[in-house]
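Engineer: Provided herewith: input.json, JSON, C-alpha atoms.
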```
[["chain", "number", "residue", "atom", "x", "y", "z"],
["A", 1, "MET", "CA", 52.72, -4.10, -65.85],
["A", 2, "PHE", "CA", 54.16, -1.14, -63.93],
["A", 3, "ARG", "CA", 51.75, 1.26, -65.68],
["A", 4, "TRP", "CA", 48.76, -0.86, -64.69],
["A", 5, "ILE", "CA", 49.87, -1.02, -61.02],
["A", 6, "PHE", "CA", 50.58, 2.72, -61.05],
["A", 7, "ALA", "CA", 47.12, 3.47, -62.54],
["A", 8, "VAL", "CA", 45.41, 1.37, -59.86],
["A", 9, "PHE", "CA", 47.41, 3.13, -57.13],
["A", 10, "VAL", "CA", 46.57, 6.58, -58.49],
["A", 11, "LEU", "CA", 42.85, 5.83, -58.74],
["A", 12, "PHE", "CA", 42.40, 4.04, -55.43],
["A", 13, "GLY", "CA", 45.15, 5.91, -53.60],
["A", 14, "THR", "CA", 43.41, 9.20, -54.31],
["A", 15, "VAL", "CA", 40.09, 7.83, -53.10],
["A", 16, "ALA", "CA", 41.90, 6.84, -49.92],
["A", 17, "LEU", "CA", 42.67, 10.54, -49.33],
["A", 18, "ALA", "CA", 38.95, 10.99, -48.81],
["A", 19, "ASP", "CA", 37.12, 9.29, -45.94],
["A", 20, "SER", "CA", 35.96, 6.14, -47.73],
["A", 21, "ASP", "CA", 33.85, 5.22, -44.68],
["A", 22, "ASN", "CA", 31.78, 8.38, -45.29],
["A", 23, "ARG", "CA", 29.65, 7.33, -48.24],
["A", 24, "ILE", "CA", 27.77, 10.41, -49.33],
["A", 25, "PRO", "CA", 24.20, 9.75, -50.53],
["A", 26, "PHE", "CA", 22.29, 11.53, -53.28],
["A", 27, "HIS", "CA", 18.64, 12.34, -52.67],
["A", 28, "LYS", "CA", 16.30, 13.27, -55.53],
["A", 29, "SER", "CA", 13.86, 14.56, -52.92],
["A", 30, "VAL", "CA", 13.91, 15.35, -49.21],
["A", 31, "ASP", "CA", 11.17, 15.95, -46.64],
["A", 32, "MET", "CA", 12.35, 17.85, -43.57],
["A", 33, "LYS", "CA", 11.25, 19.97, -40.64],
["A", 34, "VAL", "CA", 12.37, 23.55, -40.02],
["A", 35, "GLY", "CA", 15.78, 23.49, -38.31],
["A", 36, "GLU", "CA", 16.82, 20.08, -39.64],
["A", 37, "SER", "CA", 19.94, 19.54, -41.75],
["A", 38, "MET", "CA", 20.48, 16.73, -44.23],
["A", 39, "ILE", "CA", 23.19, 15.68, -46.66],
["A", 40, "VAL", "CA", 21.57, 15.94, -50.09],
["A", 41, "HIS", "CA", 24.45, 15.42, -52.50],
["A", 42, "GLY", "CA", 28.17, 14.76, -52.88],
["A", 43, "TYR", "CA", 30.10, 17.31, -54.94],
["A", 44, "ARG", "CA", 32.93, 15.61, -56.81],
["A", 45, "GLY", "CA", 35.78, 16.82, -58.99],
["A", 46, "GLU", "CA", 37.46, 14.90, -61.78],
["A", 47, "CYS", "CA", 37.08, 11.15, -61.36],
["A", 48, "GLY", "CA", 39.41, 9.90, -58.65],
["A", 49, "LYS", "CA", 40.36, 13.42, -57.50],
["A", 50, "ARG", "CA", 39.01, 15.72, -54.82],
["A", 51, "PRO", "CA", 37.16, 18.73, -56.20],
["A", 52, "ALA", "CA", 39.43, 21.77, -56.33],
["A", 53, "ASN", "CA", 38.84, 25.02, -54.44],
["A", 54, "VAL", "CA", 36.30, 23.73, -51.92],
["A", 55, "ASP", "CA", 35.72, 26.42, -49.31],
["A", 56, "LYS", "CA", 34.60, 24.83, -46.03],
["A", 57, "ASN", "CA", 32.80, 28.07, -45.06],
["A", 58, "ARG", "CA", 30.95, 28.64, -48.34],
["A", 59, "THR", "CA", 27.18, 28.77, -48.13],
["A", 60, "ARG", "CA", 24.41, 29.39, -50.66],
["A", 61, "ASP", "CA", 20.98, 30.62, -49.66],
["A", 62, "THR", "CA", 17.88, 29.11, -51.22],
["A", 63, "LYS", "CA", 14.23, 30.07, -50.88],
["A", 64, "LEU", "CA", 13.73, 27.73, -47.90],
["A", 65, "GLY", "CA", 17.17, 27.29, -46.38],
["A", 66, "VAL", "CA", 20.89, 27.23, -46.91],
["A", 67, "LEU", "CA", 23.34, 24.89, -48.65],
["A", 68, "SER", "CA", 26.78, 24.40, -47.13],
["A", 69, "ASN", "CA", 29.81, 22.17, -47.54],
["A", 70, "GLY", "CA", 30.22, 19.32, -45.07],
["A", 71, "ARG", "CA", 32.82, 16.60, -44.51],
["A", 72, "TRP", "CA", 34.96, 14.83, -47.08],
["A", 73, "GLY", "CA", 33.90, 11.39, -48.20],
["A", 74, "VAL", "CA", 33.16, 9.45, -51.35],
["A", 75, "THR", "CA", 30.18, 9.35, -53.66],
["A", 76, "LYS", "CA", 29.15, 6.75, -56.20],
["A", 77, "SER", "CA", 29.38, 8.17, -59.69],
["A", 78, "ARG", "CA", 28.02, 6.57, -62.85],
["A", 79, "THR", "CA", 30.29, 8.84, -64.88],
["A", 80, "CYS", "CA", 33.37, 7.71, -62.95],
["A", 81, "GLY", "CA", 32.27, 4.08, -62.81],
["A", 82, "GLY", "CA", 32.37, 3.79, -59.01],
["A", 83, "TRP", "CA", 33.35, 5.58, -55.83],
["A", 84, "THR", "CA", 35.19, 8.90, -56.12],
["A", 85, "PRO", "CA", 36.21, 11.60, -53.58],
["A", 86, "ALA", "CA", 33.60, 14.25, -52.84],
["A", 87, "VAL", "CA", 32.50, 16.78, -50.26],
["A", 88, "GLU", "CA", 29.06, 16.63, -48.63],
["A", 89, "ILE", "CA", 26.51, 19.23, -49.66],
["A", 90, "VAL", "CA", 24.28, 19.85, -46.65],
["A", 91, "PHE", "CA", 20.84, 21.52, -46.79],
["A", 92, "THR", "CA", 19.58, 23.21, -43.62],
["A", 93, "ALA", "CA", 15.85, 24.02, -43.60],
["A", 94, "ARG", "CA", 14.96, 27.55, -42.41],
["A", 95, "LYS", "CA", 11.27, 27.96, -43.35],
["A", 96, "LYS", "CA", 8.28, 25.93, -44.52],
["A", 97, "GLY", "CA", 7.42, 25.34, -48.14],
["A", 98, "ARG", "CA", 8.48, 23.52, -51.30],
["A", 99, "GLU", "CA", 11.24, 24.24, -53.78],
["A", 100, "THR", "CA", 13.53, 22.56, -56.27],
["A", 101, "ILE", "CA", 17.22, 23.28, -55.84],
["A", 102, "LYS", "CA", 20.03, 22.62, -58.30],
["A", 103, "VAL", "CA", 23.23, 21.09, -56.89],
["A", 104, "ALA", "CA", 26.10, 20.15, -59.21],
["A", 105, "GLY", "CA", 23.70, 19.97, -62.14],
["A", 106, "GLU", "CA", 21.20, 17.72, -60.33],
["A", 107, "SER", "CA", 17.67, 18.82, -59.33],
["A", 108, "ILE", "CA", 16.58, 18.05, -55.78],
["A", 109, "SER", "CA", 12.98, 18.48, -54.63],
["A", 110, "VAL", "CA", 12.75, 19.92, -51.10],
["A", 111, "ARG", "CA", 9.72, 19.95, -48.82],
["A", 112, "VAL", "CA", 10.01, 21.64, -45.43],
["A", 113, "ARG", "CA", 7.20, 21.15, -42.89]]
```
Please go through the file and, once you have read it, give me the structure as structure tokens.
Structural biologist:
Amino acid sequence: MFRWIFAVFVLFGTVALADSDNRIPFHKSVDMKVGESMIVHGYRGECGKRPANVDKNRTRDTKLGVLSNGRWGVTKSRTCGGWTPAVEIVFTARKKGRETIKVAGESISVRVR
């Protein structure tokens, strides 16, 4: 019985370390204007744990904009079977066009007008 209670605490207690009110969406495609920013994905670590080594100031340039880390929250994961801690991945559009970006192994179609 103690093991079961402990397992529940570890799983849900860790999720509580993230902002469970900030439910991070995943978008397969986004349509934006130059200058706009949008959360496109939630980067998670092992199920029930925050991803390690997340640098708040890390950015990655793409053809049309820049990806950056946002706030902590939770994302729904099929692999984990529910909500798990994650950090927002934010795309900021810098110029017009179309591209497909890869974030945490997922492809996201981007259109900037």
Engineer: Please provide the set of residues having any atom within 12 Å of A:Gly81, restricted to only C-alpha atoms, with same-chain residues fewer than 3 positions apart removed, written as a ChimeraX atom specification.
Structural biologist: /A:11,47-48,75-78,84
Engineer: Which residues are close to stretch 96-100 of chain A, i.e. within 10 Å by all atoms listed in the file, leaving aside same-chain residues fewer than 2 positions away? Reply as an mmCIF file with C-alpha atoms, in the coordinates of the input.
Structural biologist:
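Heads up, here's the output in out_24.cif:
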```cif
data_model
loop_
_atom_site.group_PDB
_atom_site.id
_atom_site.type_symbol
_atom_site.label_atom_id
_atom_site.label_comp_id
_atom_site.auth_asym_id
_atom_site.auth_seq_id
_atom_site.Cartn_x
_atom_site.Cartn_y
_atom_site.Cartn_z
ATOM 1 C CA LYS A 28 16.300 13.270 -55.530
ATOM 2 C CA SER A 29 13.860 14.560 -52.920
ATOM 3 C CA ASP A 31 11.170 15.950 -46.640
ATOM 4 C CA MET A 32 12.350 17.850 -43.570
ATOM 5 C CA LYS A 33 11.250 19.970 -40.640
ATOM 6 C CA VAL A 34 12.370 23.550 -40.020
ATOM 7 C CA THR A 62 17.880 29.110 -51.220
ATOM 8 C CA LYS A 63 14.230 30.070 -50.880
ATOM 9 C CA LEU A 64 13.730 27.730 -47.900
ATOM 10 C CA GLY A 65 17.170 27.290 -46.380
ATOM 11 C CA ALA A 93 15.850 24.020 -43.600
ATOM 12 C CA ARG A 94 14.960 27.550 -42.410
ATOM 13 C CA LYS A 102 20.030 22.620 -58.300
ATOM 14 C CA VAL A 103 23.230 21.090 -56.890
ATOM 15 C CA GLU A 106 21.200 17.720 -60.330
ATOM 16 C CA SER A 107 17.670 18.820 -59.330
ATOM 17 C CA ILE A 108 16.580 18.050 -55.780
ATOM 18 C CA SER A 109 12.980 18.480 -54.630
ATOM 19 C CA VAL A 110 12.750 19.920 -51.100
ATOM 20 C CA ARG A 111 9.720 19.950 -48.820
ATOM 21 C CA VAL A 112 10.010 21.640 -45.430
ATOM 22 C CA ARG A 113 7.200 21.150 -42.890
#
```
Engineer: One decimal, Å: what's the distance from atom CA of A:Ser37 over to atom CA of A:Asn53, could you say?
Structural biologist: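 Interatomic distance, atom CA of A:Ser37 to atom CA of A:Asn53: 23.4 Å.
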Engineer: Work out how far atom CA of A:Ile101 is from atom CA of A:Ile39, in Å to one decimal.
Structural biologist: 13.3 Å
Engineer: From the list A:Ala52, A:Glu46, A:Gly35, A:Val87, which residue is nearest A:Ser20 when using all atoms listed in the file?
Structural biologist: A:Val87
Engineer: For a test of reading the model, state the distance in Å between atom CA of A:Val30 and atom CA of A:Thr92, rounded to one decimal.
Structural biologist: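 Atom CA of A:Thr92 lies 11.2 Å from atom CA of A:Val30.
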Engineer: For a quick check of understanding, using all atoms listed in the file, which of A:Gly105, A:Gly82, A:Pro51, A:Gly73 has the smallest distance to A:Asp21?
Structural biologist: A:Gly73
Engineer: Tell me which of A:Phe26, A:Ala104, A:His41, A:Ile89 sits closest to A:Val66, counting all atoms listed in the file.
Structural biologist: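 So, comparing all the options, the nearest one is A:Ile89.
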Engineer: Using all atoms listed in the file, find the one residue out of A:Met38, A:Arg58, A:His27, A:Trp72 that sits nearest to A:Pro85.
Structural biologist: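 Checking each candidate against A:Pro85, we get A:Trp72 as the closest.
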Engineer: Closest to A:Asn22 among A:Gly42, A:Ser68, A:Lys49, A:Glu36, using all atoms listed in the file?
Structural biologist: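 Closest candidate: A:Gly42.
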Engineer: Nearest residue to A:Pro25 out of A:Thr79, A:Asn69, A:Val74, A:Lys95, using all atoms listed in the file?
Structural biologist: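 Comparing A:Thr79, A:Asn69, A:Val74, A:Lys95 against A:Pro25, the winner is A:Val74.
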